[in-house]
file coords_9.tsv (TSV, C-alpha atoms)
chain	number	residue	atom	x	y	z
A	1144	MET	CA	-19.81	42.39	7.29
A	1145	GLU	CA	-19.89	39.75	4.57
A	1146	GLU	CA	-20.96	36.32	5.81
A	1147	ASN	CA	-18.19	33.71	5.75
A	1148	LYS	CA	-19.60	30.98	3.51
A	1149	TYR	CA	-17.10	28.45	4.87
A	1150	ILE	CA	-18.25	28.69	8.48
A	1151	LYS	CA	-21.14	26.25	8.76
A	1152	GLN	CA	-22.44	24.42	11.76
A	1153	TYR	CA	-22.67	20.65	11.81
A	1154	PRO	CA	-24.67	19.86	14.96
A	1155	ASP	CA	-25.03	16.18	14.03
A	1156	ILE	CA	-21.27	15.57	13.63
A	1157	MET	CA	-19.30	14.59	16.77
A	1158	ASN	CA	-22.46	15.29	18.76
A	1159	GLY	CA	-21.72	14.94	22.48
A	1160	LYS	CA	-18.12	13.90	21.78
A	1161	LYS	CA	-14.79	15.34	22.85
A	1162	ILE	CA	-12.13	16.69	20.49
A	1163	MET	CA	-8.61	17.42	21.68
A	1164	TYR	CA	-6.64	19.96	19.66
A	1165	VAL	CA	-2.81	20.02	19.63
A	1166	HIS	CA	-1.42	23.31	18.34
A	1167	GLY	CA	1.70	24.02	16.34
A	1168	PHE	CA	5.12	25.38	17.25
A	1169	GLY	CA	5.01	28.90	18.72
A	1170	SER	CA	1.23	28.88	18.94
A	1171	SER	CA	-1.19	28.32	21.82
A	1172	ALA	CA	-4.60	26.98	22.82
A	1173	GLN	CA	-5.97	30.32	21.59
A	1174	SER	CA	-5.28	29.27	18.00
A	1175	GLY	CA	-7.90	30.25	15.47
A	1176	THR	CA	-8.26	26.56	14.62
A	1177	VAL	CA	-9.73	25.93	18.08
A	1178	THR	CA	-12.35	28.63	17.47
A	1179	ARG	CA	-13.04	27.20	14.02
A	1180	ILE	CA	-13.67	23.68	15.38
A	1181	ARG	CA	-15.99	25.01	18.08
A	1182	GLU	CA	-17.96	27.07	15.58
A	1183	MET	CA	-18.41	24.26	13.06
A	1184	LEU	CA	-19.04	21.48	15.60
A	1185	PRO	CA	-21.19	23.26	18.21
A	1186	HIS	CA	-22.28	20.08	19.99
A	1187	ALA	CA	-18.76	18.77	20.52
A	1188	THR	CA	-16.54	19.65	23.47
A	1189	VAL	CA	-13.21	21.02	22.26
A	1190	ILE	CA	-10.27	20.96	24.66
A	1191	ALA	CA	-6.84	22.51	24.16
A	1192	GLU	CA	-3.97	23.60	26.37
A	1193	ASP	CA	-0.80	25.61	25.84
A	1194	ILE	CA	2.04	23.20	25.12
A	1195	PRO	CA	5.35	23.83	26.93
A	1196	VAL	CA	8.14	24.76	24.52
A	1197	HIS	CA	10.47	22.00	25.74
A	1198	PRO	CA	9.36	18.84	23.89
A	1199	GLU	CA	9.77	16.30	26.70
A	1200	GLU	CA	7.66	18.44	28.99
A	1201	GLY	CA	5.18	19.19	26.22
A	1202	PHE	CA	4.66	15.62	25.13
A	1203	ALA	CA	4.34	14.40	28.73
A	1204	MET	CA	1.60	16.98	29.27
A	1205	LEU	CA	-0.22	15.84	26.13
A	1206	GLN	CA	-0.03	12.18	27.13
A	1207	THR	CA	-1.47	12.97	30.57
A	1208	MET	CA	-4.16	15.14	28.98
A	1209	ALA	CA	-5.20	12.41	26.54
A	1210	GLU	CA	-5.30	9.76	29.26
A	1211	ARG	CA	-7.35	12.04	31.51
A	1212	GLU	CA	-9.79	13.40	28.93
A	1213	LYS	CA	-10.09	10.28	26.73
A	1214	PRO	CA	-11.00	12.29	23.61
A	1215	ASP	CA	-12.99	10.75	20.78
A	1216	LEU	CA	-10.73	12.52	18.28
A	1217	ILE	CA	-7.36	14.29	18.43
A	1218	ILE	CA	-6.48	16.89	15.78
A	1219	GLY	CA	-2.91	18.18	15.55
A	1220	THR	CA	-1.37	20.74	13.21
A	1221	SER	CA	2.32	21.07	12.26
A	1222	MET	CA	4.36	20.32	15.40
A	1223	GLY	CA	1.05	19.28	16.96
A	1224	GLY	CA	0.67	16.77	14.14
A	1225	MET	CA	3.99	15.22	15.13
A	1226	TYR	CA	2.89	14.93	18.74
A	1227	THR	CA	-0.56	13.66	17.74
A	1228	GLU	CA	0.91	10.79	15.71
A	1229	MET	CA	2.54	9.54	18.92
A	1230	LEU	CA	-0.69	9.62	20.95
A	1231	TYR	CA	-1.47	6.03	20.04
A	1232	GLY	CA	-4.80	4.38	20.72
A	1233	PHE	CA	-6.97	7.35	19.66
A	1234	ASP	CA	-8.59	8.39	16.37
A	1235	ARG	CA	-6.36	11.14	15.04
A	1236	ILE	CA	-6.06	13.69	12.23
A	1237	LEU	CA	-2.62	15.12	11.44
A	1238	ILE	CA	-2.61	18.34	9.41
A	1239	ASN	CA	0.72	19.20	7.76
A	1240	PRO	CA	2.59	17.21	10.43
A	1241	ALA	CA	6.14	18.40	11.12
A	1242	PHE	CA	7.73	15.01	11.72
A	1243	ARG	CA	11.16	16.55	11.16
A	1244	ILE	CA	10.64	19.69	13.19
A	1245	ALA	CA	14.30	20.06	14.19
A	1246	ASP	CA	15.27	20.18	10.51
A	1247	THR	CA	12.47	22.68	9.86
A	1248	MET	CA	13.75	24.94	12.63
A	1249	GLY	CA	17.17	25.14	11.03
A	1250	ALA	CA	15.92	25.54	7.48
A	1251	HIS	CA	13.43	28.32	8.26
A	1252	GLY	CA	15.20	30.43	10.84
A	1253	MET	CA	13.15	29.28	13.80
A	1254	THR	CA	16.01	29.72	16.27
A	1255	GLY	CA	16.87	32.60	18.58
A	1256	LYS	CA	14.17	34.86	20.01
A	1257	GLN	CA	10.66	33.87	18.95
A	1258	VAL	CA	7.29	35.53	19.55
A	1259	PHE	CA	4.24	33.40	20.24
A	1260	GLN	CA	1.69	33.72	17.45
A	1261	ASN	CA	-1.25	33.65	19.87
A	1262	PRO	CA	-1.73	34.71	23.50
A	1263	ARG	CA	-0.66	32.18	26.13
A	1264	LYS	CA	-2.44	31.52	29.41
A	1265	ASP	CA	0.69	32.38	31.39
A	1266	GLY	CA	1.01	35.74	29.61
A	1267	ILE	CA	4.48	34.99	28.24
A	1268	GLN	CA	4.92	36.49	24.78
A	1269	GLU	CA	8.46	35.51	23.81
A	1270	PHE	CA	10.78	32.52	24.09
A	1271	ILE	CA	14.30	31.56	23.01
A	1272	VAL	CA	15.10	28.59	20.78
A	1273	THR	CA	18.66	27.48	21.52
A	1274	LYS	CA	20.81	24.81	19.92
A	1275	ALA	CA	20.14	22.67	22.97
A	1276	MET	CA	16.40	22.98	22.43
A	1277	VAL	CA	16.75	22.04	18.76
A	1278	LYS	CA	18.61	18.93	19.95
A	1279	GLU	CA	15.67	18.16	22.27
A	1280	TYR	CA	13.28	18.34	19.31
A	1281	ARG	CA	15.60	16.19	17.23
A	1282	ASP	CA	15.52	13.53	19.94
A	1283	MET	CA	11.73	13.81	20.12
A	1284	GLN	CA	11.18	13.46	16.37
A	1285	GLU	CA	13.10	10.20	16.38
A	1286	ARG	CA	10.30	8.72	18.48
A	1287	CYS	CA	7.73	9.19	15.69
A	1288	PHE	CA	6.16	6.02	14.24
A	1289	SER	CA	7.43	3.82	17.07
A	1290	HIS	CA	4.01	2.14	17.34
A	1291	ALA	CA	2.69	2.81	13.84
A	1292	GLY	CA	2.71	-0.92	13.12
A	1293	ASP	CA	0.60	-1.83	16.14
A	1294	GLU	CA	-2.72	-3.53	15.45
A	1295	GLY	CA	-5.44	-1.09	14.47
A	1296	GLU	CA	-3.26	2.01	14.26
A	1297	HIS	CA	-3.41	2.30	10.46
A	1298	ASP	CA	-7.18	2.70	10.60
A	1299	ARG	CA	-7.05	5.31	13.37
A	1300	VAL	CA	-4.75	7.85	11.70
A	1301	TRP	CA	-5.52	10.26	8.87
A	1302	ALA	CA	-3.04	12.84	7.59
A	1303	LEU	CA	-3.66	15.86	5.37
A	1304	PHE	CA	-0.86	17.56	3.42
A	1305	GLY	CA	-1.18	20.98	1.78
A	1306	ASP	CA	-0.06	20.96	-1.85
A	1307	ARG	CA	1.33	24.50	-1.39
A	1308	ASP	CA	3.02	23.91	1.97
A	1309	GLU	CA	6.48	25.51	1.74
A	1310	LEU	CA	7.40	24.84	5.37
A	1311	VAL	CA	7.21	21.05	5.77
A	1312	ASP	CA	7.00	18.15	3.34
A	1313	THR	CA	6.54	14.83	5.14
A	1314	TYR	CA	4.02	13.02	2.94
A	1315	ASP	CA	6.48	10.37	1.72
A	1316	LEU	CA	7.77	9.78	5.25
A	1317	TYR	CA	4.24	9.38	6.56
A	1318	MET	CA	3.30	6.94	3.79
A	1319	GLU	CA	6.21	4.71	4.76
A	1320	HIS	CA	4.32	3.96	7.98
A	1321	TYR	CA	0.60	4.63	7.32
A	1322	THR	CA	-1.88	4.37	4.47
A	1323	GLN	CA	-4.44	7.16	4.91
A	1324	GLY	CA	-2.64	10.22	3.57
A	1325	ILE	CA	-4.39	12.85	1.45
A	1326	SER	CA	-3.18	15.95	-0.38
A	1327	PHE	CA	-5.39	19.02	-0.07
A	1328	HIS	CA	-5.41	22.42	-1.75
A	1329	GLY	CA	-3.75	24.72	0.74
A	1330	GLU	CA	-0.65	26.03	2.45
A	1331	HIS	CA	0.93	25.18	5.80
A	1332	ARG	CA	-1.52	27.18	7.88
A	1333	THR	CA	-5.15	26.19	7.73
A	1334	ASN	CA	-8.02	28.60	7.20
A	1335	ASP	CA	-11.82	28.40	7.10
A	1336	LYS	CA	-11.86	27.23	3.47
A	1337	VAL	CA	-9.36	24.43	4.10
A	1338	PHE	CA	-11.17	23.28	7.20
A	1339	TYR	CA	-14.55	23.25	5.43
A	1340	HIS	CA	-13.40	21.49	2.24
A	1341	SER	CA	-10.64	19.23	3.55
A	1342	VAL	CA	-10.82	18.61	7.29
A	1343	MET	CA	-14.58	18.36	7.82
A	1344	PRO	CA	-15.01	15.45	5.35
A	1345	VAL	CA	-12.43	13.44	7.31
A	1346	ILE	CA	-14.06	14.30	10.64
A	1347	ARG	CA	-17.37	13.13	9.16
A	1348	TRP	CA	-15.84	9.82	8.03
A	1349	ILE	CA	-14.40	9.25	11.50
A	1350	ASP	CA	-17.68	10.10	13.21
A	1351	ASP	CA	-19.61	7.81	10.85
A	1352	LYS	CA	-17.20	4.97	11.60
A	1353	GLN	CA	-17.42	5.51	15.35
A	1354	GLU	CA	-21.21	5.52	15.19
A	1355	ARG	CA	-21.34	2.70	12.64
A	1356	ARG	CA	-23.49	5.08	10.64
A	1357	GLU	CA	-24.32	4.09	7.07
A	1358	ARG	CA	-25.36	7.04	4.97
A	1359	PRO	CA	-27.45	6.62	1.81
A	1360	ILE	CA	-25.21	6.30	-1.24
A	1361	ILE	CA	-25.21	8.55	-4.29
A	1362	TYR	CA	-23.22	7.64	-7.39
A	1363	ILE	CA	-22.32	10.57	-9.65
A	1364	THR	CA	-20.76	9.84	-13.02
A	1365	ILE	CA	-17.80	11.94	-14.05
A	1366	ASP	CA	-19.78	12.99	-17.13
A	1367	ALA	CA	-22.24	14.68	-14.78
A	1368	LEU	CA	-19.45	16.67	-13.17
A	1369	ARG	CA	-17.64	17.81	-16.32
A	1370	ASP	CA	-18.44	18.48	-19.96
A	1371	TYR	CA	-16.77	17.06	-23.07
A	1372	ARG	CA	-13.99	19.66	-22.76
A	1373	GLY	CA	-13.17	18.57	-19.21
A	1374	MET	CA	-14.64	21.74	-17.72
A	1375	GLN	CA	-16.80	21.66	-14.58
A	1376	GLN	CA	-20.51	21.58	-15.18
A	1377	SER	CA	-22.20	24.68	-13.81
A	1378	SER	CA	-23.06	24.31	-10.08
A	1379	ALA	CA	-21.71	20.74	-10.07
A	1380	MET	CA	-19.37	21.26	-7.12
A	1381	LYS	CA	-21.93	23.38	-5.30
A	1382	ALA	CA	-24.30	20.42	-5.53
A	1383	PHE	CA	-21.57	17.93	-4.63
A	1384	ARG	CA	-20.75	19.75	-1.40
A	1385	PHE	CA	-24.42	20.13	-0.55
A	1386	LEU	CA	-25.05	16.39	-1.02
A	1387	LEU	CA	-21.85	15.47	0.81
A	1388	GLU	CA	-23.33	16.79	4.04
A	1389	ARG	CA	-26.05	14.14	3.89
A	1390	TYR	CA	-24.89	11.28	1.69
A	1391	ASN	CA	-21.94	9.05	0.95
A	1392	ILE	CA	-20.87	9.98	-2.58
A	1393	TYR	CA	-18.93	7.92	-5.12
A	1394	ILE	CA	-17.71	9.16	-8.50
A	1395	VAL	CA	-18.20	6.70	-11.35
A	1396	ALA	CA	-16.10	6.53	-14.51
A	1397	GLN	CA	-16.01	4.05	-17.37
A	1398	ALA	CA	-13.57	1.19	-16.92
A	1399	PRO	CA	-11.00	1.42	-19.73
A	1400	ASP	CA	-9.41	-1.47	-21.59
A	1401	ASN	CA	-5.78	-1.39	-20.48
A	1402	ASP	CA	-5.70	2.40	-20.67
A	1403	ASN	CA	-3.73	3.50	-17.63
A	1404	LEU	CA	-3.42	7.02	-19.01
A	1405	TYR	CA	-7.21	7.38	-18.87
A	1406	ILE	CA	-7.30	6.14	-15.28
A	1407	LYS	CA	-4.60	8.64	-14.33
A	1408	GLU	CA	-6.42	11.43	-16.15
A	1409	VAL	CA	-9.63	10.71	-14.24
A	1410	HIS	CA	-7.81	10.54	-10.91
A	1411	ASP	CA	-5.92	13.76	-11.63
A	1412	TRP	CA	-9.08	15.64	-12.62
A	1413	VAL	CA	-11.04	14.43	-9.61
A	1414	LYS	CA	-8.13	15.16	-7.27
A	1415	GLU	CA	-7.87	18.69	-8.63
A	1416	VAL	CA	-11.59	19.49	-8.65
A	1417	VAL	CA	-13.19	17.40	-5.91
A	1418	ASN	CA	-10.05	16.86	-3.83
A	1419	VAL	CA	-10.31	15.34	-0.33
A	1420	PRO	CA	-13.93	14.06	-0.50
A	1421	ALA	CA	-12.98	11.88	-3.48
A	1422	TYR	CA	-10.33	9.95	-1.54
A	1423	GLN	CA	-11.06	6.23	-2.12
A	1424	HIS	CA	-14.43	7.21	-3.59
A	1425	ILE	CA	-13.81	6.64	-7.32
A	1426	VAL	CA	-15.37	3.62	-9.04
A	1427	PHE	CA	-14.43	2.37	-12.51
A	1428	THR	CA	-17.09	0.14	-14.09
A	1429	ASN	CA	-18.78	-0.79	-17.36
A	1430	ARG	CA	-21.88	-2.07	-15.54
A	1431	LYS	CA	-23.69	0.76	-13.78
A	1432	ASP	CA	-26.59	-1.59	-13.14
A	1433	LEU	CA	-24.36	-3.54	-10.75
A	1434	LEU	CA	-23.70	-0.54	-8.53
A	1435	TYR	CA	-25.31	-0.97	-5.13
A	1436	GLY	CA	-26.69	2.29	-3.81
A	1437	ASP	CA	-29.64	4.63	-3.53
A	1438	TYR	CA	-29.18	7.21	-6.30
A	1439	LEU	CA	-27.34	7.48	-9.60
A	1440	ILE	CA	-26.88	10.91	-11.18
A	1441	ASP	CA	-25.93	10.38	-14.81
A	1442	PRO	CA	-26.56	12.30	-18.06
A	1443	THR	CA	-26.03	9.28	-20.31
A	1444	PRO	CA	-28.24	6.15	-20.49
A	1445	ASP	CA	-25.38	3.77	-21.23
A	1446	ASN	CA	-23.65	0.80	-19.58
A	1447	GLY	CA	-26.71	-0.26	-17.61
A	1448	SER	CA	-27.56	3.19	-16.31
A	1449	THR	CA	-31.27	2.90	-17.08
A	1450	THR	CA	-31.57	-0.39	-15.17
A	1451	PHE	CA	-29.82	0.86	-12.03
A	1452	MET	CA	-31.73	-0.64	-9.11
A	1453	GLY	CA	-31.95	2.60	-7.13
A	1454	THR	CA	-33.33	5.98	-8.21
A	1455	ARG	CA	-31.76	7.26	-11.42
A	1456	ILE	CA	-31.58	11.02	-11.98
A	1457	GLU	CA	-30.80	12.03	-15.55
A	1458	LEU	CA	-28.98	15.34	-15.55
A	1459	GLY	CA	-30.13	17.39	-18.53
A	1460	ASP	CA	-33.60	15.93	-18.97
A	1461	ALA	CA	-36.84	17.92	-18.66
A	1462	THR	CA	-37.03	17.47	-14.87
A	1463	PHE	CA	-33.38	18.00	-13.98
A	1464	LYS	CA	-32.04	20.37	-16.61
A	1465	THR	CA	-29.24	21.64	-14.37
A	1466	TRP	CA	-27.56	20.85	-11.08
A	1467	GLU	CA	-29.65	23.59	-9.45
A	1468	GLU	CA	-32.80	21.49	-10.01
A	1469	ILE	CA	-31.03	18.52	-8.43
A	1470	ILE	CA	-30.11	20.62	-5.38
A	1471	THR	CA	-33.73	21.70	-5.06
A	1472	TYR	CA	-34.94	18.12	-5.33
A	1473	PHE	CA	-32.67	16.75	-2.62
A	1474	ASP	CA	-33.29	19.76	-0.40
A	1475	ARG	CA	-36.99	19.02	-0.60
A	1476	ILE	CA	-36.87	15.31	0.11
A	1477	GLY	CA	-34.22	15.43	2.83
A	1478	VAL	CA	-32.14	12.36	3.64
A	1479	GLN	CA	-33.95	9.25	2.53
A	1480	PRO	CA	-33.21	6.34	0.18
call {"tool": "encode", "arguments": {"input": "coords_9.tsv", "output": "structure tokens"}}
result
Amino acid sequence: MEENKYIKQYPDIMNGKKIMYVHGFGSSAQSGTVTRIREMLPHATVIAEDIPVHPEEGFAMLQTMAEREKPDLIIGTSMGGMYTEMLYGFDRILINPAFRIADTMGAHGMTGKQVFQNPRKDGIQEFIVTKAMVKEYRDMQERCFSHAGDEGEHDRVWALFGDRDELVDTYDLYMEHYTQGISFHGEHRTNDKVFYHSVMPVIRWIDDKQERRERPIIYITIDALRDYRGMQQSSAMKAFRFLLERYNIYIVAQAPDNDNLYIKEVHDWVKEVVNVPAYQHIVFTNRKDLLYGDYLIDPTPDNGSTTFMGTRIELGDATFKTWEEIITYFDRIGVQP
């Protein structure tokens, strides 16, 4: 069987901590996402329970569960993202949150007899969604964001929205109440690739913040990631993801003179290629020597690059001809400034 390159273990992330998972509509605690979290974060305790189909009963159970377990992080997907937003006072990640789940039920034929997508602890395989139940969900969804403005909540909530999600689209609604919303490459349902590229970076940021952990900083210029045609440099993203597991990475681009189109072009390229890890990690400057960090990876000795106070790595020179040599270098030295 071919090895899944997206399933990697991160024993140093959420080590000894508790993660509560809140599943989506028609799913269960046996969701593949629960297995995925346990596999990738082997030293974390992952808890999940089957959510009752009636929303008042389901949300009451989740509130009791959160108060009892006191998780370090709550992750909710789809309907679970809606519930998770309302579990105030905890660090939370919402993945494709269905804040308007009653509308989604009507628009996508989620009424009548339904079959659970995963086995349930009680053995029940089917359930009926009636008009009365849809009304219950409509009443529940109106309770979203009721404490979004409370002190500290904006810093405790992250939301991820698939750019190919055809089931729910609540990014604009979310951004009316919170600030940390990120688009990722994916559909409504998550998979190993999405979790590895898009969810794990956010979990790492949350864990670093909880631990007050400061990782060494690497600046990578956009010219090191792409060539003059705007194409990715060979192995650039392979190296980026390798370094991301150990370092805090910022992408550096030249500061333009009143050229908003250039700024948009850089943001669009980075969003498309790097995606979630680049969120709030782009720096525009004409003085690379003023950057405060440990490493600068840059193929061009301009704008103060050669007088950068940390360690400068010149991509393309005799020592680091390609990104593969840079990977080998950092693999050899480990994490150190």
call {"tool": "closest_residue", "arguments": {"input": "coords_9.tsv", "among": "A:Ile1470, A:Val1300, A:Val1311, A:Ile1325", "to": "Arg1384 (chain A)", "atoms": "all atoms listed in the file"}}
result
A:Ile1470
call {"tool": "closest_residue", "arguments": {"input": "coords_9.tsv", "among": "A:Val1419, A:Val1165, A:Ala1291, A:Ala1461", "to": "Thr1220 (chain A)", "atoms": "all atoms listed in the file"}}
result
A:Val1165
call {"tool": "residues_around", "arguments": {"input": "coords_9.tsv", "residues": "region 1305-1310 of chain A", "least_positions_apart": "4", "cutoff": "6 Å", "atoms": "only C-alpha atoms", "output": "list in words"}}
result
Ser1326, Phe1327, His1328, Gly1329, Glu1330 and His1331 of chain A
call {"tool": "atom_distance", "arguments": {"input": "coords_9.tsv", "atom1": "CA of Ile1217 (chain A)", "atom2": "CA of Phe1233 (chain A)"}}
result
7.1 Å
call {"tool": "atom_distance", "arguments": {"input": "coords_9.tsv", "atom1": "CA of Gly1447 (chain A)", "atom2": "CA of Arg1389 (chain A)"}}
result
25.9 Å
call {"tool": "closest_residue", "arguments": {"input": "coords_9.tsv", "among": "A:Asp1350, A:Glu1467, A:Asp1293, A:Asp1282", "to": "Arg1235 (chain A)", "atoms": "only C-alpha atoms"}}
result
A:Asp1350
call {"tool": "axis_aligned_box", "arguments": {"input": "coords_9.tsv", "around": "region 1338-1350 of chain A", "padding_each_side": "8 Å", "output": "JSON"}}
result
{"center_x": -14.2, "center_y": 16.3, "center_z": 7.7, "size_x": 23.0, "size_y": 30.0, "size_z": 27.0}
call {"tool": "residues_around", "arguments": {"input": "coords_9.tsv", "residues": "Met1183 (chain A)", "least_positions_apart": "6", "cutoff": "8 Å", "atoms": "only C-alpha atoms", "output": "PyMOL selection string"}}
result
chain A and resi 1150-1154
call {"tool": "closest_residue", "arguments": {"input": "coords_9.tsv", "among": "A:His1290, A:His1340, A:Arg1430, A:Lys1381", "to": "Thr1465 (chain A)", "atoms": "all atoms listed in the file"}}
result
A:Lys1381
call {"tool": "closest_residue", "arguments": {"input": "coords_9.tsv", "among": "A:Val1409, A:Ser1377, A:Arg1281, A:Tyr1390", "to": "Arg1356 (chain A)", "atoms": "only C-alpha atoms"}}
result
A:Tyr1390
call {"tool": "residues_around", "arguments": {"input": "coords_9.tsv", "residues": "Thr1454 (chain A)", "least_positions_apart": "2", "cutoff": "8 Å", "atoms": "all atoms listed in the file", "output": "ChimeraX atom specification"}}
result
/A:1437-1439,1451-1452,1456
call {"tool": "residues_around", "arguments": {"input": "coords_9.tsv", "residues": "Asp1312 (chain A)", "least_positions_apart": "4", "cutoff": "8 Å", "atoms": "all atoms listed in the file", "output": "list in words"}}
result
Asn1239, Ala1241, Phe1304 and Asp1308 of chain A
call {"tool": "residues_near_point", "arguments": {"input": "coords_9.tsv", "point": "(0.9, 13.6, 17.4)", "cutoff": "10 Å", "atoms": "only C-alpha atoms", "output": "list in words"}}
result
Val1165, Phe1202, Leu1205, Gln1206, Ile1217, Ile1218, Gly1219, Thr1220, Ser1221, Met1222, Gly1223, Gly1224, Met1225, Tyr1226, Thr1227, Glu1228, Met1229, Leu1230, Tyr1231, Arg1235, Ile1236, Leu1237, Ile1238, Pro1240, Ala1241, Phe1242, Cys1287, Phe1288 and Val1300 of chain A
call {"tool": "residues_around", "arguments": {"input": "coords_9.tsv", "residues": "Gly1175 (chain A)", "least_positions_apart": "3", "cutoff": "9 Å", "atoms": "only C-alpha atoms", "output": "ChimeraX atom specification"}}
result
/A:1172,1178-1180,1261,1334
call {"tool": "atom_distance", "arguments": {"input": "coords_9.tsv", "atom1": "CA of Val1342 (chain A)", "atom2": "CA of Arg1181 (chain A)"}}
result
13.6 Å
call {"tool": "closest_residue", "arguments": {"input": "coords_9.tsv", "among": "A:His1297, A:Arg1332, A:His1197, A:Lys1264", "to": "Glu1279 (chain A)", "atoms": "only C-alpha atoms"}}
result
A:His1197
call {"tool": "residues_near_point", "arguments": {"input": "coords_9.tsv", "point": "(-2.0, 28.2, 20.4)", "cutoff": "8 Å", "atoms": "all atoms listed in the file", "output": "list in words"}}
result
His1166, Gly1167, Gly1169, Ser1170, Ser1171, Ala1172, Gln1173, Ser1174, Gly1175, Glu1192, Asp1193, Ile1194, Gln1260, Asn1261, Pro1262 and Arg1263 of chain A
call {"tool": "build_atoms", "arguments": {"input": "coords_9.tsv", "residues": "region 1208-1214 of chain A", "atoms": "all heavy atoms", "output": "compact mmCIF listing (two decimals), in the frame of the given file"}}
result
# COMPACT_ATOMS: atom_id res chain seq x y z
N MET A 1208 -2.89 14.52 29.39
CA MET A 1208 -4.16 15.14 28.98
C MET A 1208 -5.04 14.14 28.24
O MET A 1208 -6.24 14.03 28.50
CB MET A 1208 -3.86 16.35 28.10
CG MET A 1208 -5.07 17.14 27.66
SD MET A 1208 -4.51 18.57 26.68
CE MET A 1208 -6.09 19.23 26.13
N ALA A 1209 -4.44 13.40 27.30
CA ALA A 1209 -5.20 12.41 26.54
C ALA A 1209 -5.72 11.29 27.43
O ALA A 1209 -6.87 10.85 27.29
CB ALA A 1209 -4.34 11.84 25.42
N GLU A 1210 -4.88 10.83 28.35
CA GLU A 1210 -5.30 9.76 29.26
C GLU A 1210 -6.41 10.23 30.18
O GLU A 1210 -7.33 9.48 30.51
CB GLU A 1210 -4.10 9.28 30.07
CG GLU A 1210 -3.06 8.54 29.23
CD GLU A 1210 -1.76 8.31 29.99
OE1 GLU A 1210 -1.69 8.69 31.19
OE2 GLU A 1210 -0.80 7.77 29.38
N ARG A 1211 -6.34 11.49 30.60
CA ARG A 1211 -7.35 12.04 31.51
C ARG A 1211 -8.66 12.33 30.79
O ARG A 1211 -9.75 11.99 31.28
CB ARG A 1211 -6.81 13.33 32.14
CG ARG A 1211 -7.80 13.99 33.12
CD ARG A 1211 -7.26 15.31 33.64
NE ARG A 1211 -7.21 16.35 32.62
CZ ARG A 1211 -6.10 16.92 32.18
NH1 ARG A 1211 -4.91 16.53 32.64
NH2 ARG A 1211 -6.16 17.88 31.27
N GLU A 1212 -8.59 12.94 29.63
CA GLU A 1212 -9.79 13.40 28.93
C GLU A 1212 -10.42 12.32 28.06
O GLU A 1212 -11.61 12.38 27.76
CB GLU A 1212 -9.45 14.61 28.07
CG GLU A 1212 -8.92 15.81 28.84
CD GLU A 1212 -9.99 16.46 29.71
OE1 GLU A 1212 -11.18 16.16 29.52
OE2 GLU A 1212 -9.61 17.27 30.59
N LYS A 1213 -9.62 11.35 27.62
CA LYS A 1213 -10.09 10.28 26.73
C LYS A 1213 -10.91 10.85 25.55
O LYS A 1213 -12.09 10.55 25.39
CB LYS A 1213 -10.92 9.25 27.51
CG LYS A 1213 -10.08 8.50 28.54
CD LYS A 1213 -10.90 7.51 29.32
CE LYS A 1213 -10.03 6.61 30.19
NZ LYS A 1213 -9.10 7.36 31.06
N PRO A 1214 -10.27 11.67 24.73
CA PRO A 1214 -11.00 12.29 23.61
C PRO A 1214 -11.43 11.27 22.57
O PRO A 1214 -10.79 10.24 22.38
CB PRO A 1214 -9.96 13.27 23.03
CG PRO A 1214 -8.64 12.66 23.39
CD PRO A 1214 -8.84 12.04 24.73
